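Structure data follow from final-v9.pdb (PDB, C-alpha atoms):
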```
ATOM      1  CA  MET A  15     -14.892  -4.073  24.991  1.00  0.00           C
ATOM      2  CA  ILE A  16     -11.127  -4.307  25.048  1.00  0.00           C
ATOM      3  CA  LYS A  17      -9.287  -7.578  25.643  1.00  0.00           C
ATOM      4  CA  VAL A  18      -6.327  -6.983  27.955  1.00  0.00           C
ATOM      5  CA  LEU A  19      -3.599  -9.466  28.787  1.00  0.00           C
ATOM      6  CA  ILE A  20      -1.675  -8.499  31.915  1.00  0.00           C
ATOM      7  CA  LEU A  21       1.688 -10.096  32.685  1.00  0.00           C
ATOM      8  CA  GLU A  22       2.122  -9.372  36.375  1.00  0.00           C
ATOM      9  CA  ASP A  23       3.212 -11.325  39.452  1.00  0.00           C
ATOM     10  CA  SER A  24       1.295  -9.063  41.854  1.00  0.00           C
ATOM     11  CA  PRO A  25      -2.484  -9.611  41.759  1.00  0.00           C
ATOM     12  CA  GLU A  26      -2.922  -6.268  43.534  1.00  0.00           C
ATOM     13  CA  ASP A  27      -0.999  -4.392  40.825  1.00  0.00           C
ATOM     14  CA  ALA A  28      -2.969  -6.170  38.094  1.00  0.00           C
ATOM     15  CA  GLU A  29      -6.208  -5.169  39.829  1.00  0.00           C
ATOM     16  CA  LEU A  30      -5.048  -1.539  40.008  1.00  0.00           C
ATOM     17  CA  MET A  31      -4.475  -1.565  36.231  1.00  0.00           C
ATOM     18  CA  VAL A  32      -7.931  -2.994  35.612  1.00  0.00           C
ATOM     19  CA  ASP A  33      -9.468  -0.440  37.996  1.00  0.00           C
ATOM     20  CA  GLN A  34      -7.799   2.448  36.153  1.00  0.00           C
ATOM     21  CA  LEU A  35      -9.157   1.244  32.819  1.00  0.00           C
ATOM     22  CA  GLU A  36     -12.665   0.581  34.139  1.00  0.00           C
ATOM     23  CA  GLU A  37     -12.827   3.913  35.989  1.00  0.00           C
ATOM     24  CA  SER A  38     -12.074   5.679  32.713  1.00  0.00           C
ATOM     25  CA  GLY A  39     -14.979   3.935  30.985  1.00  0.00           C
ATOM     26  CA  TYR A  40     -13.349   0.902  29.407  1.00  0.00           C
ATOM     27  CA  VAL A  41     -15.192  -2.388  29.496  1.00  0.00           C
ATOM     28  CA  VAL A  42     -12.391  -4.909  29.814  1.00  0.00           C
ATOM     29  CA  ASP A  43     -12.030  -8.629  29.383  1.00  0.00           C
ATOM     30  CA  VAL A  44      -8.855  -9.460  31.298  1.00  0.00           C
ATOM     31  CA  ARG A  45      -6.478 -12.375  31.522  1.00  0.00           C
ATOM     32  CA  ILE A  46      -3.615 -12.307  33.985  1.00  0.00           C
ATOM     33  CA  ALA A  47      -0.463 -14.334  33.412  1.00  0.00           C
ATOM     34  CA  SER A  48       2.504 -14.565  35.750  1.00  0.00           C
ATOM     35  CA  ASP A  49       4.915 -16.765  33.817  1.00  0.00           C
ATOM     36  CA  ASP A  50       6.134 -17.297  30.262  1.00  0.00           C
ATOM     37  CA  VAL A  51       4.088 -20.459  29.622  1.00  0.00           C
ATOM     38  CA  SER A  52       0.694 -18.975  30.514  1.00  0.00           C
ATOM     39  CA  PHE A  53       1.687 -15.689  28.851  1.00  0.00           C
ATOM     40  CA  ARG A  54       2.472 -17.374  25.519  1.00  0.00           C
ATOM     41  CA  SER A  55      -0.711 -19.442  25.714  1.00  0.00           C
ATOM     42  CA  ASP A  56      -2.865 -16.406  26.497  1.00  0.00           C
ATOM     43  CA  ILE A  57      -1.446 -14.482  23.535  1.00  0.00           C
ATOM     44  CA  GLN A  58      -2.276 -17.368  21.211  1.00  0.00           C
ATOM     45  CA  TYR A  59      -5.716 -18.315  22.512  1.00  0.00           C
ATOM     46  CA  PHE A  60      -7.099 -15.226  24.281  1.00  0.00           C
ATOM     47  CA  LYS A  61      -5.930 -12.956  21.422  1.00  0.00           C
ATOM     48  CA  PRO A  62      -5.692  -9.723  23.415  1.00  0.00           C
ATOM     49  CA  ASP A  63      -6.107  -6.255  21.949  1.00  0.00           C
ATOM     50  CA  ILE A  64      -3.280  -4.985  24.154  1.00  0.00           C
ATOM     51  CA  ILE A  65      -0.676  -6.402  26.536  1.00  0.00           C
ATOM     52  CA  LEU A  66       0.279  -4.714  29.810  1.00  0.00           C
ATOM     53  CA  SER A  67       3.444  -6.132  31.341  1.00  0.00           C
ATOM     54  CA  ASP A  68       5.569  -5.596  34.394  1.00  0.00           C
ATOM     55  CA  TYR A  69       9.282  -5.526  33.648  1.00  0.00           C
ATOM     56  CA  LYS A  70      10.593  -7.306  36.738  1.00  0.00           C
ATOM     57  CA  LEU A  71       8.978 -10.693  37.253  1.00  0.00           C
ATOM     58  CA  PRO A  72      10.310 -13.757  39.096  1.00  0.00           C
ATOM     59  CA  LYS A  73      10.277 -16.154  36.129  1.00  0.00           C
ATOM     60  CA  ILE A  74      10.679 -13.825  33.154  1.00  0.00           C
ATOM     61  CA  ASN A  75      11.834 -10.281  32.535  1.00  0.00           C
ATOM     62  CA  GLY A  76      10.010  -7.690  30.496  1.00  0.00           C
ATOM     63  CA  LEU A  77      12.314  -7.877  27.512  1.00  0.00           C
ATOM     64  CA  GLU A  78      11.841 -11.647  27.279  1.00  0.00           C
ATOM     65  CA  ALA A  79       8.078 -11.101  27.490  1.00  0.00           C
ATOM     66  CA  LEU A  80       8.206  -8.539  24.696  1.00  0.00           C
ATOM     67  CA  LEU A  81      10.176 -10.937  22.497  1.00  0.00           C
ATOM     68  CA  ILE A  82       7.603 -13.683  23.121  1.00  0.00           C
ATOM     69  CA  ALA A  83       4.774 -11.296  22.230  1.00  0.00           C
ATOM     70  CA  LEU A  84       6.541 -10.166  19.057  1.00  0.00           C
ATOM     71  CA  GLU A  85       7.157 -13.779  18.078  1.00  0.00           C
ATOM     72  CA  VAL A  86       3.574 -14.942  18.680  1.00  0.00           C
ATOM     73  CA  ASP A  87       1.746 -11.867  17.349  1.00  0.00           C
ATOM     74  CA  PRO A  88       3.823  -8.804  16.481  1.00  0.00           C
ATOM     75  CA  LEU A  89       0.731  -6.655  15.892  1.00  0.00           C
ATOM     76  CA  ILE A  90      -0.478  -6.607  19.507  1.00  0.00           C
ATOM     77  CA  PRO A  91       0.513  -3.370  21.265  1.00  0.00           C
ATOM     78  CA  PHE A  92       2.789  -4.019  24.241  1.00  0.00           C
ATOM     79  CA  VAL A  93       2.931  -1.579  27.169  1.00  0.00           C
ATOM     80  CA  TYR A  94       5.287  -1.850  30.121  1.00  0.00           C
ATOM     81  CA  VAL A  95       3.667  -0.939  33.434  1.00  0.00           C
ATOM     82  CA  THR A  96       6.484  -1.193  35.912  1.00  0.00           C
ATOM     83  CA  GLY A  97       8.168   0.200  38.984  1.00  0.00           C
ATOM     84  CA  ALA A  98      11.296   2.294  38.862  1.00  0.00           C
ATOM     85  CA  ILE A  99      13.738   1.225  36.160  1.00  0.00           C
ATOM     86  CA  GLY A 100      16.871   2.848  34.866  1.00  0.00           C
ATOM     87  CA  GLU A 101      17.021   5.075  31.817  1.00  0.00           C
ATOM     88  CA  GLU A 102      19.049   2.500  29.896  1.00  0.00           C
ATOM     89  CA  ILE A 103      16.432  -0.209  30.412  1.00  0.00           C
ATOM     90  CA  ALA A 104      13.642   2.264  29.608  1.00  0.00           C
ATOM     91  CA  ALA A 105      15.303   3.150  26.310  1.00  0.00           C
ATOM     92  CA  GLU A 106      15.934  -0.525  25.531  1.00  0.00           C
ATOM     93  CA  THR A 107      12.264  -1.395  26.043  1.00  0.00           C
ATOM     94  CA  ILE A 108      11.041   1.178  23.546  1.00  0.00           C
ATOM     95  CA  LEU A 109      13.800   0.436  21.043  1.00  0.00           C
ATOM     96  CA  SER A 110      12.914  -3.256  21.248  1.00  0.00           C
ATOM     97  CA  GLY A 111       9.366  -2.640  20.068  1.00  0.00           C
ATOM     98  CA  ALA A 112       7.240  -1.739  23.087  1.00  0.00           C
ATOM     99  CA  SER A 113       4.437   0.715  22.403  1.00  0.00           C
ATOM    100  CA  ALA A 114       4.856   2.588  25.687  1.00  0.00           C
ATOM    101  CA  LEU A 115       6.226   2.505  29.215  1.00  0.00           C
ATOM    102  CA  ILE A 116       4.299   3.695  32.270  1.00  0.00           C
ATOM    103  CA  LEU A 117       5.674   3.788  35.784  1.00  0.00           C
ATOM    104  CA  LYS A 118       3.349   2.269  38.377  1.00  0.00           C
ATOM    105  CA  GLU A 119       3.534   5.514  40.339  1.00  0.00           C
ATOM    106  CA  ASN A 120       1.898   7.210  37.305  1.00  0.00           C
ATOM    107  CA  LEU A 121      -0.772   4.566  36.762  1.00  0.00           C
ATOM    108  CA  LYS A 122      -3.437   7.243  36.262  1.00  0.00           C
ATOM    109  CA  LYS A 123      -1.882   7.806  32.809  1.00  0.00           C
ATOM    110  CA  LEU A 124      -2.706   4.236  31.752  1.00  0.00           C
ATOM    111  CA  PRO A 125      -6.167   4.934  30.240  1.00  0.00           C
ATOM    112  CA  GLN A 126      -4.833   7.860  28.201  1.00  0.00           C
ATOM    113  CA  VAL A 127      -1.902   5.809  26.888  1.00  0.00           C
ATOM    114  CA  VAL A 128      -4.192   2.879  26.037  1.00  0.00           C
ATOM    115  CA  GLN A 129      -6.580   5.263  24.243  1.00  0.00           C
ATOM    116  CA  GLN A 130      -3.738   6.736  22.169  1.00  0.00           C
ATOM    117  CA  ILE A 131      -2.397   3.308  21.254  1.00  0.00           C
ATOM    118  CA  MET A 132      -5.804   1.859  20.370  1.00  0.00           C
ATOM    119  CA  SER A 133      -6.699   4.942  18.331  1.00  0.00           C
ATOM    120  CA  THR A 134      -3.446   4.605  16.402  1.00  0.00           C
ATOM    121  CA  GLU A 135      -4.092   0.876  15.950  1.00  0.00           C
ATOM    122  CA  ASN A 136      -7.594   1.549  14.612  1.00  0.00           C
ATOM    123  CA  ARG A 137      -6.275   4.078  12.092  1.00  0.00           C
ATOM    124  CA  GLN A 138      -3.542   1.687  10.998  1.00  0.00           C
ATOM    125  CA  ASN A 139      -6.040  -1.162  10.671  1.00  0.00           C
ATOM    126  CA  ALA A 140      -8.351   1.004   8.570  1.00  0.00           C
ATOM    127  CA  ARG A 141      -5.472   1.973   6.282  1.00  0.00           C
ATOM    128  CA  MET A 142      -4.341  -1.643   6.053  1.00  0.00           C
ATOM    129  CA  SER A 143      -7.880  -2.785   5.189  1.00  0.00           C
ATOM    130  CA  SER A 144      -8.068  -0.185   2.445  1.00  0.00           C
ATOM    131  CA  VAL A 145      -4.715  -1.250   1.006  1.00  0.00           C
ATOM    132  CA  MET A 146      -5.657  -4.931   1.259  1.00  0.00           C
ATOM    133  CA  LYS A 147      -8.922  -4.260  -0.590  1.00  0.00           C
ATOM    134  CA  ARG A 148      -7.090  -2.492  -3.424  1.00  0.00           C
ATOM    135  CA  VAL A 149      -4.536  -5.305  -3.649  1.00  0.00           C
ATOM    136  CA  ASN A 150      -7.302  -7.902  -3.598  1.00  0.00           C
ATOM    137  CA  ASP A 151      -9.200  -6.034  -6.341  1.00  0.00           C
ATOM    138  CA  ARG A 152      -6.089  -5.952  -8.530  1.00  0.00           C
ATOM    139  CA  ILE A 153      -5.438  -9.630  -7.952  1.00  0.00           C
ATOM    140  CA  GLU A 154      -9.036 -10.365  -8.946  1.00  0.00           C
ATOM    141  CA  GLU A 155      -8.624  -8.333 -12.150  1.00  0.00           C
ATOM    142  CA  ASN A 156      -5.430 -10.234 -12.974  1.00  0.00           C
ATOM    143  CA  VAL A 157      -7.068 -13.595 -12.278  1.00  0.00           C
ATOM    144  CA  GLN A 158      -9.919 -12.722 -14.640  1.00  0.00           C
ATOM    145  CA  ALA A 159      -7.517 -11.544 -17.361  1.00  0.00           C
ATOM    146  CA  LEU A 160      -5.392 -14.666 -17.020  1.00  0.00           C
ATOM    147  CA  SER A 161      -8.507 -16.833 -17.156  1.00  0.00           C
ATOM    148  CA  ARG A 162      -9.567 -15.202 -20.429  1.00  0.00           C
ATOM    149  CA  ILE A 163      -6.067 -15.724 -21.867  1.00  0.00           C
ATOM    150  CA  ASN A 164      -6.147 -19.321 -20.674  1.00  0.00           C
ATOM    151  CA  GLU A 165      -9.449 -19.939 -22.459  1.00  0.00           C
ATOM    152  CA  PHE A 166      -8.026 -18.442 -25.650  1.00  0.00           C
ATOM    153  CA  LEU A 167      -4.911 -20.605 -25.461  1.00  0.00           C
ATOM    154  CA  HIS A 168      -6.905 -23.794 -24.977  1.00  0.00           C
ATOM    155  CA  GLU A 169      -8.541 -23.257 -28.356  1.00  0.00           C
ATOM    156  CA  SER A 170      -5.332 -24.413 -30.054  1.00  0.00           C
ATOM    157  CA  PRO A 171      -3.438 -27.653 -29.185  1.00  0.00           C
ATOM    158  CA  GLU A 172       0.028 -26.086 -29.615  1.00  0.00           C
ATOM    159  CA  ARG A 173      -0.751 -23.472 -26.987  1.00  0.00           C
ATOM    160  CA  LYS A 174      -1.449 -26.002 -24.233  1.00  0.00           C
ATOM    161  CA  SER A 175       1.971 -25.673 -22.571  1.00  0.00           C
ATOM    162  CA  ILE A 176       1.453 -21.916 -22.286  1.00  0.00           C
ATOM    163  CA  ALA A 177      -1.981 -22.609 -20.871  1.00  0.00           C
ATOM    164  CA  GLU A 178      -0.513 -24.882 -18.196  1.00  0.00           C
ATOM    165  CA  ASP A 179       1.895 -22.122 -17.136  1.00  0.00           C
ATOM    166  CA  LEU A 180      -1.009 -19.710 -16.914  1.00  0.00           C
ATOM    167  CA  LYS A 181      -2.995 -22.158 -14.790  1.00  0.00           C
ATOM    168  CA  LYS A 182      -0.105 -22.214 -12.333  1.00  0.00           C
ATOM    169  CA  ALA A 183       0.004 -18.403 -12.291  1.00  0.00           C
ATOM    170  CA  ILE A 184      -3.749 -18.232 -11.686  1.00  0.00           C
ATOM    171  CA  SER A 185      -3.458 -20.756  -8.887  1.00  0.00           C
ATOM    172  CA  ASN A 186      -0.673 -18.727  -7.275  1.00  0.00           C
ATOM    173  CA  LEU A 187      -2.753 -15.541  -7.484  1.00  0.00           C
ATOM    174  CA  ASP A 188      -5.734 -17.348  -5.964  1.00  0.00           C
ATOM    175  CA  ASN A 189      -3.528 -18.524  -3.093  1.00  0.00           C
ATOM    176  CA  ILE A 190      -2.275 -14.981  -2.502  1.00  0.00           C
ATOM    177  CA  ARG A 191      -5.844 -13.667  -2.532  1.00  0.00           C
ATOM    178  CA  GLU A 192      -6.924 -16.265   0.032  1.00  0.00           C
ATOM    179  CA  ASP A 193      -3.942 -15.409   2.250  1.00  0.00           C
ATOM    180  CA  LEU A 194      -4.900 -11.736   2.083  1.00  0.00           C
ATOM    181  CA  LYS A 195      -8.529 -12.490   2.936  1.00  0.00           C
ATOM    182  CA  ASN A 196      -7.415 -14.512   5.944  1.00  0.00           C
ATOM    183  CA  LYS A 197      -5.289 -11.614   7.201  1.00  0.00           C
ATOM    184  CA  THR A 198      -8.080  -9.035   7.036  1.00  0.00           C
TER     185      THR A 198
END
```
Any chance you could put this one into structure tokens?
Amino acid sequence: MIKVLILEDSPEDAELMVDQLEESGYVVDVRIASDDVSFRSDIQYFKPDIILSDYKLPKINGLEALLIALEVDPLIPFVYVTGAIGEEIAAETILSGASALILKENLKKLPQVVQQIMSTENRQNARMSSVMKRVNDRIEENVQALSRINEFLHESPERKSIAEDLKKAISNLDNIREDLKNKT
């Protein structure tokens, strides 16, 4: 299942997007937002796998929506699905961080674009998990080494100040490890 957040003022257009995804075999859990407040809230609490957004909306434009998405969760792929726009705006959308742009007249391309983006995301997530595991393993090795040094230093009273510094270093490494675990 793929969680899709659609920012669209036309319920009919949103339904067409959902239909395209479902017809291509996707099982979708969809939320539809039409303004910046519900859009921001849905990013935070619905936690979509991908965002599909119109560019021209009554209360917010596509670039503002992209900036909100990047602020709330910069890792969520953002795809513009919009009517005719000029080349300058099209270039600006991609340069600003959008993953793709699809014209509504070419909506049949949506499943293919989503597949490419999600496949790329999965590969990037796998690489990131591998890197995070290696970093976490190295942090664990360093924590163990520092703990052994700390035990050695506590054997002598004059080494206690060094031991206190090492305790702080161990604590910092533990905090980093916990942060990394929370991000994976």
Kindly give the distance, in Å, that separates CA of Glu26 in chain A and CA of Val41 in chain A, rounded to a single decimal.
19.0 Å
Could you tell me, as an MDAnalysis selection string, exactly which residues end up selected when the PyMOL selection byres ((chain A and resi 181) around 12) is applied to this structure?
chainID A and resid 157:165 167:168 174:180 182:188
Calculated over all atoms listed in the file, which of the candidates A:Leu21, A:Pro91, A:Gly76, A:Asp43 has the smallest distance to Val127 in chain A?
A:Pro91
Measure the distance from CA of Gly97 in chain A to CA of Ser67 in chain A in Å and round it to one decimal.
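About the pair CA of Gly97 in chain A and CA of Ser67 in chain A: they are 11.0 Å apart.
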Pick out the residues sitting within 12 Å of Ile190 in chain A, and hand them over as a VMD selection string; count only C-alpha atoms, and ignore anything fewer than 4 positions along from it in its own chain.
chain A and resid 146 149 to 154 156 to 157 183 to 186 194 to 197
Best match for closeness to Gly111 in chain A among A:Leu124, A:Ala98, A:Asp87, A:Leu81, counting only C-alpha atoms:
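Of A:Leu124, A:Ala98, A:Asp87, A:Leu81, the one nearest Gly111 in chain A, counting only C-alpha atoms, is A:Leu81.
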Among listed residues A:Asp63, A:Asp27, A:Glu22, A:Asp33, nearest Gln129 in chain A (using only C-alpha atoms):
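When distances to Gln129 in chain A are compared using only C-alpha atoms, the smallest one comes from A:Asp63.
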Pick from A:Pro88, A:Gly100, A:Pro25, A:Pro125: nearest to Ile57 in chain A, with only C-alpha atoms counted?
A:Pro88
Protein and nucleic acid residues near (-1.5, -8.7, 22.9) (cut-off 10 Å, only C-alpha atoms) as number ranges by chain
A: 17-20, 53-54, 56-58, 60-66, 80, 83-84, 86-93
Save out the residues we just selected, C-alpha atoms, as a PDB file, in the coordinates of the input.
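File selection.pdb, as written:
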```pdb
ATOM      1  CA  LYS A  17      -9.287  -7.578  25.643  1.00  0.00           C
ATOM      2  CA  VAL A  18      -6.327  -6.983  27.955  1.00  0.00           C
ATOM      3  CA  LEU A  19      -3.599  -9.466  28.787  1.00  0.00           C
ATOM      4  CA  ILE A  20      -1.675  -8.499  31.915  1.00  0.00           C
ATOM      5  CA  PHE A  53       1.687 -15.689  28.851  1.00  0.00           C
ATOM      6  CA  ARG A  54       2.472 -17.374  25.519  1.00  0.00           C
ATOM      7  CA  ASP A  56      -2.865 -16.406  26.497  1.00  0.00           C
ATOM      8  CA  ILE A  57      -1.446 -14.482  23.535  1.00  0.00           C
ATOM      9  CA  GLN A  58      -2.276 -17.368  21.211  1.00  0.00           C
ATOM     10  CA  PHE A  60      -7.099 -15.226  24.281  1.00  0.00           C
ATOM     11  CA  LYS A  61      -5.930 -12.956  21.422  1.00  0.00           C
ATOM     12  CA  PRO A  62      -5.692  -9.723  23.415  1.00  0.00           C
ATOM     13  CA  ASP A  63      -6.107  -6.255  21.949  1.00  0.00           C
ATOM     14  CA  ILE A  64      -3.280  -4.985  24.154  1.00  0.00           C
ATOM     15  CA  ILE A  65      -0.676  -6.402  26.536  1.00  0.00           C
ATOM     16  CA  LEU A  66       0.279  -4.714  29.810  1.00  0.00           C
ATOM     17  CA  LEU A  80       8.206  -8.539  24.696  1.00  0.00           C
ATOM     18  CA  ALA A  83       4.774 -11.296  22.230  1.00  0.00           C
ATOM     19  CA  LEU A  84       6.541 -10.166  19.057  1.00  0.00           C
ATOM     20  CA  VAL A  86       3.574 -14.942  18.680  1.00  0.00           C
ATOM     21  CA  ASP A  87       1.746 -11.867  17.349  1.00  0.00           C
ATOM     22  CA  PRO A  88       3.823  -8.804  16.481  1.00  0.00           C
ATOM     23  CA  LEU A  89       0.731  -6.655  15.892  1.00  0.00           C
ATOM     24  CA  ILE A  90      -0.478  -6.607  19.507  1.00  0.00           C
ATOM     25  CA  PRO A  91       0.513  -3.370  21.265  1.00  0.00           C
ATOM     26  CA  PHE A  92       2.789  -4.019  24.241  1.00  0.00           C
ATOM     27  CA  VAL A  93       2.931  -1.579  27.169  1.00  0.00           C
TER      28      VAL A  93
END
```
Proximity to Thr107 in chain A - best of A:Leu121, A:Val44, A:Val128, A:Leu77, only C-alpha atoms
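Checking each candidate against Thr107 in chain A, we get A:Leu77 as the closest.
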Could you add whatever atoms are missing so that range 104-121 of chain A carries N, CA and C atoms, then write the result as a CSV table (one decimal), keeping the file's coordinate frame?
```csv
chain,number,residue,atom,x,y,z
A,104,ALA,N,14.8,1.6,30.2
A,104,ALA,CA,13.6,2.3,29.6
A,104,ALA,C,13.8,2.5,28.1
A,105,ALA,N,15.0,2.9,27.7
A,105,ALA,CA,15.3,3.2,26.3
A,105,ALA,C,15.3,1.8,25.6
A,106,GLU,N,15.9,0.8,26.2
A,106,GLU,CA,15.9,-0.5,25.5
A,106,GLU,C,14.5,-1.1,25.3
A,107,THR,N,13.6,-0.9,26.2
A,107,THR,CA,12.3,-1.4,26.0
A,107,THR,C,11.6,-0.8,24.8
A,108,ILE,N,11.7,0.5,24.7
A,108,ILE,CA,11.0,1.2,23.5
A,108,ILE,C,11.7,0.8,22.2
A,109,LEU,N,13.1,0.8,22.3
A,109,LEU,CA,13.8,0.4,21.0
A,109,LEU,C,13.5,-1.0,20.6
A,110,SER,N,13.2,-1.8,21.6
A,110,SER,CA,12.9,-3.3,21.2
A,110,SER,C,11.5,-3.5,20.7
A,111,GLY,N,10.7,-2.5,20.7
A,111,GLY,CA,9.4,-2.6,20.1
A,111,GLY,C,8.2,-2.4,21.0
A,112,ALA,N,8.4,-2.0,22.2
A,112,ALA,CA,7.2,-1.7,23.1
A,112,ALA,C,6.5,-0.5,22.6
A,113,SER,N,5.2,-0.4,22.8
A,113,SER,CA,4.4,0.7,22.4
A,113,SER,C,4.6,1.9,23.4
A,114,ALA,N,4.8,1.5,24.7
A,114,ALA,CA,4.9,2.6,25.7
A,114,ALA,C,5.4,2.0,27.0
A,115,LEU,N,5.8,2.9,27.9
A,115,LEU,CA,6.2,2.5,29.2
A,115,LEU,C,5.6,3.5,30.2
A,116,ILE,N,4.9,2.9,31.2
A,116,ILE,CA,4.3,3.7,32.3
A,116,ILE,C,4.8,3.2,33.6
A,117,LEU,N,5.3,4.1,34.4
A,117,LEU,CA,5.7,3.8,35.8
A,117,LEU,C,4.4,3.6,36.6
A,118,LYS,N,4.5,2.6,37.5
A,118,LYS,CA,3.3,2.3,38.4
A,118,LYS,C,2.9,3.5,39.2
A,119,GLU,N,3.9,4.3,39.6
A,119,GLU,CA,3.5,5.5,40.3
A,119,GLU,C,2.7,6.5,39.5
A,120,ASN,N,2.7,6.4,38.2
A,120,ASN,CA,1.9,7.2,37.3
A,120,ASN,C,0.8,6.4,36.6
A,121,LEU,N,0.2,5.5,37.3
A,121,LEU,CA,-0.8,4.6,36.8
A,121,LEU,C,-2.0,5.3,36.2
```
